[in-house]
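So this one's coords.txt, compact mmCIF, C-alpha atoms (C1' of nucleotides):
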```
# COMPACT_ATOMS: atom_id res chain seq x y z
CA MET O 1 0.00 0.00 0.00
CA ALA O 2 2.97 2.35 -0.32
CA SER O 3 1.90 5.55 -2.00
CA ASN O 4 4.41 8.15 -3.15
CA ARG O 5 3.60 10.11 -0.03
CA ASP O 6 5.48 7.51 1.99
CA LYS O 7 8.71 7.68 0.00
CA SER O 8 11.56 10.11 0.15
CA ILE O 9 12.34 12.09 -2.95
CA SER O 10 15.54 10.12 -3.50
CA GLU O 11 13.65 6.88 -3.32
CA GLN O 12 11.13 8.16 -5.80
CA ILE O 13 13.88 9.30 -8.16
CA ASN O 14 15.37 5.85 -7.89
CA ASP O 15 12.08 4.25 -8.80
CA ILE O 16 11.78 6.48 -11.81
CA LYS O 17 15.37 5.78 -12.77
CA LYS O 18 14.42 2.13 -13.04
CA HIS O 19 11.67 3.03 -15.46
CA LEU O 20 14.12 5.06 -17.51
CA VAL O 21 16.79 2.40 -17.61
CA ALA O 22 14.27 -0.29 -18.42
CA LYS O 23 13.46 1.65 -21.58
CA GLY O 24 17.07 2.33 -22.49
CA TYR O 25 17.20 5.92 -21.24
CA LYS O 26 19.82 7.43 -18.98
CA LEU O 27 19.38 9.33 -15.77
CA THR O 28 21.42 12.42 -16.48
CA GLN O 29 22.13 15.25 -14.06
CA GLN O 30 19.63 17.38 -15.93
CA ARG O 31 16.90 14.80 -15.66
CA GLU O 32 17.59 14.17 -12.03
CA VAL O 33 17.44 17.84 -11.10
CA THR O 34 14.27 18.26 -13.12
CA LEU O 35 12.69 15.32 -11.33
CA ARG O 36 13.77 16.72 -8.00
CA VAL O 37 12.13 20.04 -8.77
CA LEU O 38 8.92 18.33 -9.78
CA LEU O 39 8.89 16.14 -6.70
CA GLU O 40 9.62 19.05 -4.39
CA HIS O 41 6.64 20.88 -5.81
CA GLU O 42 4.19 18.11 -6.29
CA LYS O 43 1.20 20.31 -5.62
CA ASP O 44 2.08 22.88 -8.26
CA HIS O 45 1.29 22.84 -11.93
CA PHE O 46 4.33 24.35 -13.52
CA SER O 47 4.79 25.29 -17.13
CA ALA O 48 7.96 24.16 -18.90
CA GLU O 49 9.34 27.66 -18.47
CA GLU O 50 8.69 27.63 -14.74
CA VAL O 51 10.32 24.25 -14.33
CA PHE O 52 13.23 25.55 -16.38
CA LEU O 53 13.75 28.52 -14.09
CA LEU O 54 13.72 26.38 -10.96
CA VAL O 55 16.02 23.79 -12.45
CA LYS O 56 18.38 26.53 -13.56
CA GLU O 57 18.87 27.51 -9.91
CA GLN O 58 20.43 24.14 -9.20
CA PHE O 59 21.91 23.54 -12.63
CA PRO O 60 22.56 26.81 -14.44
CA GLU O 61 23.96 25.30 -17.64
CA ILE O 62 20.70 23.58 -18.53
CA GLY O 63 18.90 24.65 -21.68
CA LEU O 64 15.17 25.17 -22.06
CA ALA O 65 15.02 22.57 -24.82
CA THR O 66 16.35 19.95 -22.46
CA VAL O 67 13.60 20.71 -19.99
CA TYR O 68 11.04 20.37 -22.75
CA ARG O 69 12.57 17.08 -23.81
CA THR O 70 12.69 15.80 -20.26
CA LEU O 71 9.09 16.72 -19.57
CA GLU O 72 8.06 15.08 -22.81
CA LEU O 73 9.92 11.94 -21.81
CA LEU O 74 8.43 11.89 -18.33
CA SER O 75 5.07 12.35 -19.91
CA ASP O 76 5.60 9.30 -22.10
CA LEU O 77 6.71 7.35 -19.05
CA GLN O 78 3.51 8.39 -17.26
CA VAL O 79 5.54 10.02 -14.54
CA VAL O 80 3.97 13.37 -15.20
CA GLU O 81 0.76 14.37 -16.85
CA LYS O 82 0.76 17.15 -19.39
CA ILE O 83 -2.29 19.32 -18.92
CA ASN O 84 -3.52 22.38 -20.64
CA PHE O 85 -5.63 24.72 -18.60
CA GLY O 86 -6.16 27.09 -21.47
CA ASP O 87 -3.62 29.76 -20.64
CA GLY O 88 -1.01 29.68 -23.36
CA ALA O 89 1.30 27.03 -21.93
CA ALA O 90 1.11 23.34 -21.12
CA ARG O 91 1.49 22.45 -17.48
CA PHE O 92 2.94 19.40 -15.86
CA ASP O 93 1.50 17.52 -13.00
CA LEU O 94 3.08 14.61 -11.14
CA ARG O 95 1.15 11.39 -11.32
CA SER O 96 0.96 9.20 -8.29
CA THR O 97 3.33 6.26 -8.40
CA ASP O 98 0.59 3.70 -8.33
CA GLY O 99 -0.77 5.01 -11.59
CA SER O 100 -4.15 5.88 -10.18
CA HIS O 101 -3.29 9.59 -10.16
CA HIS O 102 -6.86 10.58 -9.78
CA HIS O 103 -6.75 14.07 -8.53
CA HIS O 104 -9.06 16.60 -10.00
CA HIS O 105 -8.69 20.33 -10.31
CA LEU O 106 -10.57 23.24 -8.87
CA ILE O 107 -9.74 26.17 -11.12
CA CYS O 108 -10.70 29.56 -9.75
CA THR O 109 -11.93 31.88 -12.47
CA GLU O 110 -11.21 34.90 -10.27
CA CYS O 111 -7.63 34.42 -9.13
CA GLY O 112 -6.53 31.59 -11.39
CA THR O 113 -5.47 29.31 -8.57
CA VAL O 114 -5.53 25.63 -9.33
CA GLU O 115 -6.20 23.41 -6.35
CA GLU O 116 -5.90 19.67 -6.49
CA ILE O 117 -8.38 17.42 -4.84
CA MET O 118 -8.10 13.71 -4.39
CA GLU O 119 -11.38 12.18 -5.11
CA ASP O 120 -12.84 9.41 -7.03
CA GLY O 121 -16.49 8.96 -7.42
CA LEU O 122 -16.12 8.23 -11.10
CA LEU O 123 -15.71 4.51 -11.19
CA ARG O 124 -19.41 3.96 -11.55
CA LEU O 125 -19.57 6.47 -14.38
CA GLU O 126 -16.64 4.84 -16.15
CA GLN O 127 -18.32 1.49 -15.96
CA GLN O 128 -21.51 2.94 -17.34
CA ILE O 129 -19.62 4.49 -20.25
CA GLU O 130 -17.97 1.21 -21.00
CA ARG O 131 -21.32 -0.54 -21.06
CA GLN O 132 -23.17 2.15 -22.94
CA TYR O 133 -20.60 3.19 -25.53
CA GLY O 134 -18.22 0.24 -25.71
CA PHE O 135 -15.44 2.66 -24.84
CA ALA O 136 -12.72 1.18 -22.63
CA VAL O 137 -11.77 3.97 -20.23
CA THR O 138 -8.12 4.03 -19.24
CA ASP O 139 -7.93 7.46 -17.73
CA HIS O 140 -9.90 10.59 -17.12
CA ARG O 141 -9.59 14.24 -16.44
CA LEU O 142 -12.02 16.23 -14.39
CA ASP O 143 -11.68 19.95 -13.81
CA PHE O 144 -14.11 22.24 -12.10
CA GLN O 145 -14.25 25.92 -12.76
CA GLY O 146 -15.72 28.22 -10.19
CA VAL O 147 -14.82 30.61 -7.42
CA CYS O 148 -12.57 29.53 -4.60
CA LYS O 149 -13.23 30.06 -0.94
CA GLU O 150 -10.87 33.03 -0.68
CA CYS O 151 -12.33 34.86 -3.66
CA ARG O 152 -15.83 34.23 -2.42
CA ALA O 153 -14.91 35.80 0.90
CA LYS O 154 -13.52 38.84 -0.91
CA GLN O 155 -16.61 39.08 -3.07
CA ALA O 156 -18.83 38.92 -0.02
CA LEU O 157 -16.88 41.76 1.58
CA ASN O 158 -17.09 43.90 -1.52
CA GLU O 159 -20.80 43.38 -1.79
CA GLN O 160 -21.19 44.34 1.82
CA ALA O 161 -19.19 47.52 1.24
CA ALA O 162 -21.17 48.34 -1.90
CA GLY O 163 -24.57 47.48 -0.50
CA MET V 1 -38.04 23.35 -22.85
CA ALA V 2 -36.71 24.27 -26.28
CA SER V 3 -33.16 23.04 -26.68
CA ASN V 4 -30.96 24.03 -29.58
CA ARG V 5 -31.79 20.74 -31.19
CA ASP V 6 -35.28 22.05 -31.89
CA LYS V 7 -34.18 25.21 -33.68
CA SER V 8 -33.08 25.78 -37.22
CA ILE V 9 -29.63 27.15 -37.79
CA SER V 10 -31.02 30.49 -38.87
CA GLU V 11 -33.03 30.73 -35.70
CA GLN V 12 -29.99 29.92 -33.66
CA ILE V 13 -27.95 32.54 -35.47
CA ASN V 14 -30.69 35.01 -34.76
CA ASP V 15 -30.59 34.19 -31.09
CA ILE V 16 -26.86 34.66 -31.00
CA LYS V 17 -27.19 37.91 -32.92
CA LYS V 18 -29.29 39.22 -30.08
CA HIS V 19 -26.50 38.41 -27.65
CA LEU V 20 -24.04 40.20 -29.86
CA VAL V 21 -26.15 43.28 -30.33
CA ALA V 22 -26.97 43.41 -26.64
CA LYS V 23 -23.28 43.80 -25.98
CA GLY V 24 -22.70 46.34 -28.71
CA TYR V 25 -21.24 43.97 -31.26
CA LYS V 26 -22.25 43.61 -34.88
CA LEU V 27 -23.25 40.55 -36.82
CA THR V 28 -20.95 40.80 -39.81
CA GLN V 29 -20.93 38.48 -42.80
CA GLN V 30 -17.77 36.91 -41.48
CA ARG V 31 -19.27 36.23 -38.09
CA GLU V 32 -22.43 34.85 -39.58
CA VAL V 33 -20.61 32.43 -41.86
CA THR V 34 -18.39 31.35 -39.00
CA LEU V 35 -21.41 30.69 -36.83
CA ARG V 36 -23.06 28.78 -39.63
CA VAL V 37 -20.02 26.55 -40.00
CA LEU V 38 -19.95 25.88 -36.28
CA LEU V 39 -23.65 25.13 -36.14
CA GLU V 40 -23.50 22.86 -39.17
CA HIS V 41 -20.79 20.84 -37.48
CA GLU V 42 -21.93 20.87 -33.91
CA LYS V 43 -20.50 17.46 -33.18
CA ASP V 44 -17.00 18.33 -34.33
CA HIS V 45 -14.24 19.96 -32.39
CA PHE V 46 -12.52 22.15 -34.91
CA SER V 47 -9.35 24.09 -34.47
CA ALA V 48 -9.29 27.73 -35.54
CA GLU V 49 -7.46 26.70 -38.68
CA GLU V 50 -10.09 24.12 -39.55
CA VAL V 51 -12.89 26.58 -39.01
CA PHE V 52 -10.99 29.04 -41.14
CA LEU V 53 -10.73 26.60 -44.05
CA LEU V 54 -14.42 25.80 -43.95
CA VAL V 55 -15.44 29.43 -43.67
CA LYS V 56 -13.15 30.27 -46.55
CA GLU V 57 -15.22 28.00 -48.80
CA GLN V 58 -18.24 30.22 -48.30
CA PHE V 59 -16.38 33.48 -47.82
CA PRO V 60 -12.97 33.38 -49.49
CA GLU V 61 -11.88 36.87 -48.52
CA ILE V 62 -11.87 36.11 -44.80
CA GLY V 63 -8.61 36.27 -42.92
CA LEU V 64 -7.43 33.80 -40.32
CA ALA V 65 -7.13 36.55 -37.74
CA THR V 66 -10.81 37.31 -38.10
CA VAL V 67 -11.67 33.72 -37.38
CA TYR V 68 -9.49 33.82 -34.30
CA ARG V 69 -11.16 37.04 -33.19
CA THR V 70 -14.62 35.65 -33.85
CA LEU V 71 -13.94 32.46 -31.94
CA GLU V 72 -12.53 34.48 -29.08
CA LEU V 73 -15.64 36.63 -29.05
CA LEU V 74 -17.98 33.66 -29.18
CA SER V 75 -16.01 32.16 -26.37
CA ASP V 76 -16.53 35.26 -24.25
CA LEU V 77 -20.23 35.15 -25.07
CA GLN V 78 -20.33 31.54 -23.94
CA VAL V 79 -21.55 30.47 -27.35
CA VAL V 80 -18.58 28.21 -27.84
CA GLU V 81 -16.22 26.58 -25.41
CA LYS V 82 -12.51 26.71 -26.07
CA ILE V 83 -10.94 23.39 -25.20
CA ASN V 84 -7.46 22.09 -25.40
CA PHE V 85 -7.09 18.38 -25.91
CA GLY V 86 -3.33 18.53 -25.81
CA ASP V 87 -2.55 18.46 -29.50
CA GLY V 88 -1.01 21.78 -30.40
CA ALA V 89 -4.16 23.76 -31.12
CA ALA V 90 -7.19 24.95 -29.19
CA ARG V 91 -10.49 23.50 -30.30
CA PHE V 92 -13.92 25.00 -30.23
CA ASP V 93 -17.04 23.30 -29.14
CA LEU V 94 -20.56 24.67 -29.34
CA ARG V 95 -22.28 25.07 -26.04
CA SER V 96 -25.94 24.27 -25.77
CA THR V 97 -28.17 27.33 -25.80
CA ASP V 98 -29.51 26.73 -22.34
CA GLY V 99 -26.04 27.12 -20.88
CA SER V 100 -25.99 23.65 -19.39
CA HIS V 101 -23.62 22.38 -22.11
CA HIS V 102 -22.70 19.35 -20.13
CA HIS V 103 -21.35 17.01 -22.67
CA HIS V 104 -18.24 15.10 -21.87
CA HIS V 105 -15.61 13.70 -24.17
CA LEU V 106 -14.47 10.21 -24.98
CA ILE V 107 -11.01 10.62 -26.47
CA CYS V 108 -9.65 7.53 -28.18
CA THR V 109 -5.93 7.17 -27.64
CA GLU V 110 -5.66 4.89 -30.68
CA CYS V 111 -7.38 6.82 -33.45
CA GLY V 112 -7.73 10.23 -31.85
CA THR V 113 -11.48 10.42 -32.32
CA VAL V 114 -13.33 12.63 -29.88
CA GLU V 115 -16.87 11.55 -29.20
CA GLU V 116 -19.28 13.64 -27.23
CA ILE V 117 -21.61 12.19 -24.70
CA MET V 118 -24.42 13.93 -22.94
CA GLU V 119 -24.40 12.94 -19.36
CA ASP V 120 -24.59 14.48 -16.01
CA GLY V 121 -24.03 12.49 -12.94
CA LEU V 122 -21.86 15.18 -11.49
CA LEU V 123 -24.29 17.31 -9.60
CA ARG V 124 -23.81 15.34 -6.42
CA LEU V 125 -20.04 15.64 -6.73
CA GLU V 126 -20.27 19.39 -7.34
CA GLN V 127 -22.35 19.81 -4.24
CA GLN V 128 -19.89 17.81 -2.24
CA ILE V 129 -17.02 19.95 -3.47
CA GLU V 130 -18.88 23.08 -2.53
CA ARG V 131 -19.45 21.75 0.97
CA GLN V 132 -16.02 20.31 1.44
CA TYR V 133 -13.82 22.98 -0.13
CA GLY V 134 -15.98 26.08 -0.11
CA PHE V 135 -15.46 26.22 -3.86
CA ALA V 136 -18.49 27.46 -5.82
CA VAL V 137 -18.56 25.35 -8.96
CA THR V 138 -19.84 27.16 -12.03
CA ASP V 139 -18.71 24.74 -14.69
CA HIS V 140 -16.81 21.56 -15.24
CA ARG V 141 -14.97 19.60 -17.82
CA LEU V 142 -14.80 15.85 -17.89
CA ASP V 143 -12.81 13.93 -20.48
CA PHE V 144 -12.20 10.24 -20.62
CA GLN V 145 -9.26 8.72 -22.39
CA GLY V 146 -9.43 5.17 -23.55
CA VAL V 147 -10.03 3.00 -26.55
CA CYS V 148 -13.17 3.38 -28.61
CA LYS V 149 -15.41 0.58 -29.73
CA GLU V 150 -14.02 0.52 -33.27
CA CYS V 151 -10.39 0.38 -32.19
CA ARG V 152 -11.18 -2.32 -29.68
CA ALA V 153 -12.74 -4.37 -32.44
CA LYS V 154 -9.64 -3.92 -34.57
CA GLN V 155 -7.39 -4.84 -31.67
CA ALA V 156 -9.41 -7.98 -31.05
CA LEU V 157 -9.04 -8.98 -34.69
CA ASN V 158 -5.30 -8.40 -34.65
CA GLU V 159 -4.86 -10.44 -31.54
CA GLN V 160 -6.85 -13.22 -33.10
CA ALA V 161 -4.65 -13.12 -36.19
CA ALA V 162 -1.49 -13.08 -34.08
CA GLY V 163 -2.56 -15.71 -31.59
C1' DC Y 1 -22.02 58.78 -40.43
C1' DT Y 2 -18.89 56.21 -37.27
C1' DG Y 3 -17.28 53.09 -34.13
C1' DG Y 4 -16.69 48.59 -34.41
C1' DC Y 5 -14.72 45.14 -37.77
C1' DT Y 6 -11.66 43.37 -41.30
C1' DG Y 7 -7.55 41.81 -43.96
C1' DC Y 8 -2.90 41.84 -44.17
C1' DA Y 9 1.51 41.46 -42.51
C1' DA Y 10 4.44 41.71 -38.87
C1' DA Y 11 5.10 40.46 -33.94
C1' DT Y 12 4.77 37.15 -30.06
C1' DA Y 13 4.91 33.01 -27.56
C1' DA Y 14 5.38 28.21 -26.99
C1' DT Y 15 7.50 24.38 -28.54
C1' DT Y 16 10.49 21.60 -31.69
C1' DT Y 17 14.50 20.43 -34.29
C1' DG Y 18 19.37 20.17 -36.41
C1' DC Y 19 23.77 19.53 -35.21
C1' DA Y 20 28.26 19.29 -33.10
C1' DT Y 21 29.77 18.07 -28.64
C1' DA Y 22 29.50 15.84 -24.01
C1' DC Y 23 28.73 12.13 -20.89
C1' DA Y 24 26.31 7.88 -18.56
C1' DA Y 25 26.50 3.06 -18.66
C1' DT C 1 33.57 2.98 -26.13
C1' DT C 2 29.13 4.35 -27.98
C1' DG C 3 24.79 5.64 -28.48
C1' DT C 4 22.01 8.68 -25.88
C1' DA C 5 21.57 13.34 -24.26
C1' DT C 6 22.70 18.16 -24.24
C1' DG C 7 23.12 23.21 -25.37
C1' DC C 8 22.57 26.50 -28.55
C1' DA C 9 20.41 28.73 -32.19
C1' DA C 10 17.42 28.49 -35.84
C1' DA C 11 12.88 26.78 -37.36
C1' DT C 12 8.05 25.85 -36.75
C1' DT C 13 3.43 26.44 -35.12
C1' DA C 14 -0.31 28.71 -32.95
C1' DT C 15 -2.02 32.91 -31.81
C1' DT C 16 -2.04 38.07 -31.29
C1' DT C 17 -1.62 42.73 -32.67
C1' DG C 18 -1.04 47.31 -35.30
C1' DC C 19 -3.05 49.77 -38.64
C1' DA C 20 -5.42 51.74 -42.66
C1' DG C 21 -9.56 51.04 -44.89
C1' DC C 22 -14.48 49.00 -44.71
C1' DC C 23 -19.24 48.35 -43.48
C1' DA C 24 -23.40 47.30 -40.31
C1' DG C 25 -26.51 49.73 -37.74
```

Any chance you could give the structure as structure tokens?
Amino acid sequence: MASNRDKSISEQINDIKKHLVAKGYKLTQQREVTLRVLLEHEKDHFSAEEVFLLVKEQFPEIGLATVYRTLELLSDLQVVEKINFGDGAARFDLRSTDGSHHHHHLICTECGTVEEIMEDGLLRLEQQIERQYGFAVTDHRLDFQGVCKECRAKQALNEQAAG
Amino acid sequence: MASNRDKSISEQINDIKKHLVAKGYKLTQQREVTLRVLLEHEKDHFSAEEVFLLVKEQFPEIGLATVYRTLELLSDLQVVEKINFGDGAARFDLRSTDGSHHHHHLICTECGTVEEIMEDGLLRLEQQIERQYGFAVTDHRLDFQGVCKECRAKQALNEQAAG
DNA sequence: CTGGCTGCAAATAATTTGCATACAA
DNA sequence: TTGTATGCAAATTATTTGCAGCCAG
């Protein structure tokens, strides 16, 4: 029952290294630092550029293209998920080690915050889809747009002031 | 109870024209043709480029930038939804007139087809999120990845041949 | 009329690619 | 050693923007 929450970052990097090696890839300095950055910020949804800037702090020689290539690779390996929230750039989200990775997103339309929630009430729906459409679901993505708690509080204050 | 399914395309364009005019916008030839193309292909998920090519058939003078601007405008007006499936380009999806627009997507990882399904078992979940996180849900997006019926059939055949 | 709208071309922004060199296994 | 990976710069792709003229209301 070990989830990634139970493992140190080094252990997780080691696990991922095995995946890499198994497919004939190498764990370079650049890839390791990139992984470390992702693991240290598992709740964020960084763009390639943002990852690049953070990696650069620990490894200044790295090039942006390498970060793109690494993220692409990690995406293929199912280590990260590439998501597009509609602002210009793709964002990258760590998947959980066990492959279930079912966190959903609460995207605030006021402040742009993206919060992750762990939740899974979708199994029933997936089964229904499989039955009804003959579509074999392997994965899903569920995002909610709306107004987060903080922005609602602000809105309430403003209305009070205005009213 | 009139849904957009009950209305002719001209009627729908007229409805949308009212929205436009109400906000001080004009219904130009270009916008009308673009709308017509979208309405005639309501089950597709075209990129701006694809819309452009289709509009060009009926209105050759149009420029790509105009299509982008029109789609942006229609997006603001909630007439279309701008979605990003992760291939390089944004795609545009008609919303239903009543604003509910809750269709979800079945994205086949084999052939790339995107099928729409009308379904809404998410109300309960939205309510739970509101209670649990204080997040006021206004909209959601639910996509399923997997293998569609057709590709599964093909896979089955191939396995048979191989086995 | 006239302010919004358009087409065009140039500007951005994100991402990819070619290539000579560097380095992990 | 040797093929994979990297950094850089140039190329590509999607989208946006400036601007002079155009047209719907």

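Remark: residues at most 10 Å from position (-19.8, 26.8, -9.1) in file coordinates are Leu106, Cys108, Thr109, Phe144, Gln145, Gly146, Val147 and Cys148 of chain O; Glu126, Gln127, Ile129, Glu130, Gly134, Phe135, Ala136, Val137, Thr138, Asp139 and His140 of chain V, using all atoms listed in the file.
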
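Of the residues listed (Y:DC8, Y:DC1, Y:DA24, Y:DA14), Y:DC1 shows the shortest atom-to-atom separation from C:DG25; distances use all atoms listed in the file.
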
Hey, list the chain Y side of the contact with chain V: 12 Å cut-off, all atoms listed in the file, answer as a compact mmCIF listing (two decimals) with C-alpha atoms (C1' of nucleotides), in the frame of the given file.
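New file out_22.txt:
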```
# COMPACT_ATOMS: atom_id res chain seq x y z
C1' DG Y 3 -17.28 53.09 -34.13
C1' DG Y 4 -16.69 48.59 -34.41
C1' DC Y 5 -14.72 45.14 -37.77
C1' DT Y 6 -11.66 43.37 -41.30
C1' DG Y 7 -7.55 41.81 -43.96
C1' DC Y 8 -2.90 41.84 -44.17
C1' DA Y 9 1.51 41.46 -42.51
C1' DA Y 14 5.38 28.21 -26.99
C1' DT Y 15 7.50 24.38 -28.54
C1' DT Y 16 10.49 21.60 -31.69
```

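When atom CA of V:Ala89 is paired with atom CA of V:Ile107, their separation reads 15.5 Å.
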
Expected axis-aligned box over every listed atom of stretch 29-42 of chain V, 4 Å added per side, centre plus edges in Å to one decimal, as JSON:
```
{"center_x": -20.7, "center_y": 29.7, "center_z": -38.4, "size_x": 13.9, "size_y": 25.6, "size_z": 16.9}
```

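Across the structure, atom CA of O:Glu42 and atom CA of O:Leu123 are spaced 24.6 Å apart.
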
Quiz item: Which residues come within 6 Å of V:Asp143, counting only C-alpha atoms (C1' of nucleotides), excluding same-chain residues fewer than 4 positions away, as number ranges by chain?
Solution: O: 140-141; V: 104-105

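Using only C-alpha atoms (C1' of nucleotides), one finds that the residues of chain C close to chain O, at 12 Å or less, are DG3, DT4, DA5, DT6, DG7, DC8, DA9, DA14, DT15 and DT16 of chain C.
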
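When atom CA of O:Glu11 is paired with atom CA of O:Leu77, their separation reads 17.2 Å.
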
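Nearest-residue note for chain V: choosing from O:Gln58, O:Gln132, O:Ser8, O:Thr34, the minimum distance belongs to O:Gln132, counting all atoms listed in the file.
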
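Restricting the calculation to all atoms listed in the file, the smallest distance between chain O and any of V:Val55, V:Ala156, V:Ala161, V:Ala90 is found for V:Ala90.
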
Can I get stretch 123-140 of chain V with N, CA and C atoms filled in, as a compact mmCIF listing (two decimals), in the coordinates of the input?
```
# COMPACT_ATOMS: atom_id res chain seq x y z
N LEU V 123 -23.71 16.32 -10.47
CA LEU V 123 -24.29 17.31 -9.60
C LEU V 123 -23.95 17.02 -8.14
N ARG V 124 -24.10 15.76 -7.79
CA ARG V 124 -23.81 15.34 -6.42
C ARG V 124 -22.37 15.70 -6.05
N LEU V 125 -21.46 15.39 -6.96
CA LEU V 125 -20.04 15.64 -6.73
C LEU V 125 -19.79 17.15 -6.58
N GLU V 126 -20.45 17.94 -7.42
CA GLU V 126 -20.27 19.39 -7.34
C GLU V 126 -20.73 19.92 -5.98
N GLN V 127 -21.84 19.37 -5.53
CA GLN V 127 -22.35 19.81 -4.24
C GLN V 127 -21.40 19.44 -3.12
N GLN V 128 -20.82 18.25 -3.25
CA GLN V 128 -19.89 17.81 -2.24
C GLN V 128 -18.65 18.71 -2.20
N ILE V 129 -18.18 19.08 -3.39
CA ILE V 129 -17.02 19.95 -3.47
C ILE V 129 -17.30 21.31 -2.85
N GLU V 130 -18.49 21.79 -3.10
CA GLU V 130 -18.88 23.08 -2.53
C GLU V 130 -18.86 23.00 -1.00
N ARG V 131 -19.42 21.92 -0.49
CA ARG V 131 -19.45 21.75 0.97
C ARG V 131 -18.04 21.60 1.53
N GLN V 132 -17.29 20.72 0.87
CA GLN V 132 -16.02 20.31 1.44
C GLN V 132 -14.91 21.35 1.28
N TYR V 133 -14.91 22.06 0.15
CA TYR V 133 -13.82 22.98 -0.13
C TYR V 133 -14.24 24.44 -0.16
N GLY V 134 -15.52 24.70 -0.02
CA GLY V 134 -15.98 26.08 -0.11
C GLY V 134 -15.82 26.67 -1.49
N PHE V 135 -15.70 25.80 -2.49
CA PHE V 135 -15.46 26.22 -3.86
C PHE V 135 -16.79 26.20 -4.62
N ALA V 136 -17.20 27.37 -5.13
CA ALA V 136 -18.49 27.46 -5.82
C ALA V 136 -18.33 27.05 -7.28
N VAL V 137 -18.74 25.87 -7.61
CA VAL V 137 -18.56 25.35 -8.96
C VAL V 137 -19.52 26.04 -9.93
N THR V 138 -18.97 26.56 -11.01
CA THR V 138 -19.84 27.16 -12.03
C THR V 138 -19.84 26.31 -13.29
N ASP V 139 -18.82 25.49 -13.45
CA ASP V 139 -18.71 24.74 -14.69
C ASP V 139 -17.74 23.58 -14.47
N HIS V 140 -17.78 22.63 -15.36
CA HIS V 140 -16.81 21.56 -15.24
C HIS V 140 -16.45 21.00 -16.60
```
